[in-house]
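Input: a single structure, listed below in structure tokens.
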Amino acid sequence: MAAGGPRRCRRLEGEAARAALANADTLLFDCDGVLWRGEAAVSGAAEALERLAAAGKRLCYVTNNSGRTRAAYTEKLRRLGFPPAEPRHIFSSAFCAARYLRQALPPGAAAYVLGSAALAAELEAVGIPHLGTGPAALPGPAPADWVQAPLEPAVRAVLVGFDEHFSYAKLCQALRYLLRGGPECLLVGTNRDHRLPLEGGAGIPGTGCLVKAVETAAQREAFIVGKPNRFMFDCVAQEFPVDPARTIMVGDRLDTDILMGNSCGLTTLLTLTGVTALDEVRGHQDSGCPARHSLVPDFYVDSIADLLPALGQ
């Protein structure tokens, strides 16, 4: 963690790498673009995490992806050769959203969900009734029909995650729940990631686009549980005795991973295997704008594999 003055990012190697890792008890890893790309592990990443685990480091995984359950993440880690992980070490935006609603909703209250089966499963795991997942059609040919569709009386929250079935029909229903409940009906989003990068420079719209659509219709702002909101780090801290001064956040996105780490007083480490290039870091670093300085990591590596020399054999 930078101490005073503008944050300066430097390569993590040699003695600096050995000192940073020796001072850390816990490492928080983003997954996509850090540990793997698609279904292929980043070269050397599994070996680096094996050595970190062997050195007694606590490894946790913090991801804005709401499309997998914690059990699915533990299985993917196993399949790609990473150290064994328990579901309690996985902090996805789906799990954190379920945790937030469990705390915020009264007993028996339900959520209208624009999201995946995995998001629904995490709600079920904490006992929150839900509806809305899967495709939906408008209930008639005219707007007068659309506002007459039945509403579930128990709904006290609208939860927006990544939803491949997002539609005008769902947007209408979400707005109706929010208008009916007013401020007492919670509006929660899993994250604001606006674009999801794919191999070869392609991309698809992210959850942030869906959250913005609901916010615009409802004319109110959603509470976001995922990075860079510190709520995700608070979920980790409630599960494990984490000392921010002895924790490293490892990620590939400045506006989520690095911003959350910096906001929470963690040491931040950027890997260049994902969406961020070093020129972007330098642009923020040299901008003279304090807000942009919060996006600057303490350190960077080309890949997690670059940590291997500092970890020994």
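Letters A, B, ... go to the chains of the structure tokens in the order shown; residues in each chain start at 1; ligands are counted from 1 in the same order.
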Could you build a table of the residues in range 180-275 of chain A lying no more than 7 Å from range 21-31 of chain A, giving for each the nearest pair of atoms and their separation in Å rounded to one decimal place, using only C-alpha atoms, ordered by chain and ascending residue number, as CSV?
residue,atom,partner,partner_atom,distance
A:Arg246,CA,A:Ala24,CA,4.4
A:Thr247,CA,A:Thr26,CA,4.8
A:Ile248,CA,A:Leu27,CA,4.8
A:Met249,CA,A:Leu28,CA,4.8
A:Val250,CA,A:Phe29,CA,4.9
A:Gly251,CA,A:Asp30,CA,5.1
Print the selection's residues with all heavy atoms to a file, as an mmCIF file, in the first residue's frame.
data_model
loop_
_atom_site.group_PDB
_atom_site.id
_atom_site.type_symbol
_atom_site.label_atom_id
_atom_site.label_comp_id
_atom_site.auth_asym_id
_atom_site.auth_seq_id
_atom_site.Cartn_x
_atom_site.Cartn_y
_atom_site.Cartn_z
ATOM 1 N N ARG A 246 -1.682 -6.761 5.646
ATOM 2 C CA ARG A 246 -0.986 -7.995 5.296
ATOM 3 C C ARG A 246 -1.754 -8.779 4.229
ATOM 4 O O ARG A 246 -1.704 -10.013 4.174
ATOM 5 C CB ARG A 246 -0.755 -8.852 6.548
ATOM 6 C CG ARG A 246 0.152 -8.166 7.580
ATOM 7 C CD ARG A 246 0.429 -9.061 8.774
ATOM 8 N NE ARG A 246 1.147 -10.264 8.405
ATOM 9 C CZ ARG A 246 2.473 -10.354 8.237
ATOM 10 N NH1 ARG A 246 3.231 -9.260 8.405
ATOM 11 N NH2 ARG A 246 3.050 -11.488 7.904
ATOM 12 N N THR A 247 -2.452 -8.025 3.377
ATOM 13 C CA THR A 247 -3.275 -8.641 2.326
ATOM 14 C C THR A 247 -2.917 -8.034 0.978
ATOM 15 O O THR A 247 -2.763 -6.814 0.857
ATOM 16 C CB THR A 247 -4.772 -8.427 2.616
ATOM 17 O OG1 THR A 247 -5.087 -9.012 3.886
ATOM 18 C CG2 THR A 247 -5.632 -9.061 1.544
ATOM 19 N N ILE A 248 -2.802 -8.880 -0.035
ATOM 20 C CA ILE A 248 -2.520 -8.443 -1.399
ATOM 21 C C ILE A 248 -3.733 -8.737 -2.271
ATOM 22 O O ILE A 248 -4.232 -9.862 -2.296
ATOM 23 C CB ILE A 248 -1.285 -9.150 -1.985
ATOM 24 C CG1 ILE A 248 -0.041 -8.868 -1.132
ATOM 25 C CG2 ILE A 248 -1.040 -8.703 -3.426
ATOM 26 C CD1 ILE A 248 1.198 -9.627 -1.592
ATOM 27 N N MET A 249 -4.206 -7.718 -2.985
ATOM 28 C CA MET A 249 -5.260 -7.900 -3.994
ATOM 29 C C MET A 249 -4.608 -8.025 -5.351
ATOM 30 O O MET A 249 -3.875 -7.133 -5.784
ATOM 31 C CB MET A 249 -6.218 -6.702 -3.968
ATOM 32 C CG MET A 249 -7.296 -6.733 -5.057
ATOM 33 S SD MET A 249 -8.503 -8.040 -4.804
ATOM 34 C CE MET A 249 -8.658 -8.698 -6.478
ATOM 35 N N VAL A 250 -4.870 -9.145 -6.039
ATOM 36 C CA VAL A 250 -4.262 -9.424 -7.340
ATOM 37 C C VAL A 250 -5.352 -9.402 -8.403
ATOM 38 O O VAL A 250 -6.328 -10.168 -8.316
ATOM 39 C CB VAL A 250 -3.568 -10.796 -7.346
ATOM 40 C CG1 VAL A 250 -2.797 -10.989 -8.654
ATOM 41 C CG2 VAL A 250 -2.632 -10.944 -6.145
ATOM 42 N N GLY A 251 -5.222 -8.537 -9.392
ATOM 43 C CA GLY A 251 -6.258 -8.450 -10.411
ATOM 44 C C GLY A 251 -5.745 -7.896 -11.720
ATOM 45 O O GLY A 251 -4.576 -7.497 -11.823
#
message: When DSSP is applied to the backbone of this structure, which of range 43-248 of chain A are assigned helix (DSSP H, G or I)? Write them out as number ranges by chain.
response: A: 45-54, 70-79, 87-89, 93-104, 117-125, 143-146, 168-184, 199-201, 207-218, 231-239, 244-246
field: Contacts of range 135-141 of chain A at 7 Å (only C-alpha atoms; same-chain gap of 2+ positions) as a ChimeraX atom specification
entry: /A:133,145-146,149,165,169-170
- request: Can you check which residues of range 104-313 of chain A DSSP gives as strand (DSSP E or B) on the backbone and send them as an MDAnalysis selection string?
  value: chainID A and resid 110:114 130:131 155:160 186:189 195:197 203:205 223:224 247:251 267:271 299:301
field: Separation of CA of Arg10 in chain A from CA of Glu199 in chain A in Å
entry: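 The value is 27.3 Å.
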Residue contacts of range 112-129 of chain A (6 Å, only C-alpha atoms) excluding same-chain residues fewer than 6 positions away, as a PyMOL selection string: chain A and resi 67-69+94-95+98+158-163
task: Excluding Gly261 in chain A and any residue of its chain fewer than 4 positions from it, enumerate the residues within 8 Å of it, using only C-alpha atoms, and give them as a PyMOL selection string.
output: chain A and resi 228+248-249+257+265-268
message: Taking only C-alpha atoms into account, name the residue in A:Val211, A:Ala291, A:Val296, A:Cys60 that is nearest to Asp279 in chain A.
response: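 Nearest candidate to Asp279 in chain A out of A:Val211, A:Ala291, A:Val296, A:Cys60: A:Val296.
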field: Long-range neighbours of range 33-38 of chain A as a ChimeraX atom specification, 6 Å cut-off, only C-alpha atoms, 6 positions minimum in chain
entry: /A:45,273-274
task: Tell me which of A:Ser167, A:Asn191, A:Gln238, A:Ser43 sits closest to Arg88 in chain A, counting only C-alpha atoms.
output: A:Gln238
- line: re CA of Ala213 in chain A and CA of Leu171 in chain A: distance 7.7 Å
query: Within 8 Å of Gly206 in chain A, counting only C-alpha atoms, which residues qualify if same-chain residues fewer than 3 places away don't, as an MDAnalysis selection string?
result: chainID A and resid 162 192:196 209:210
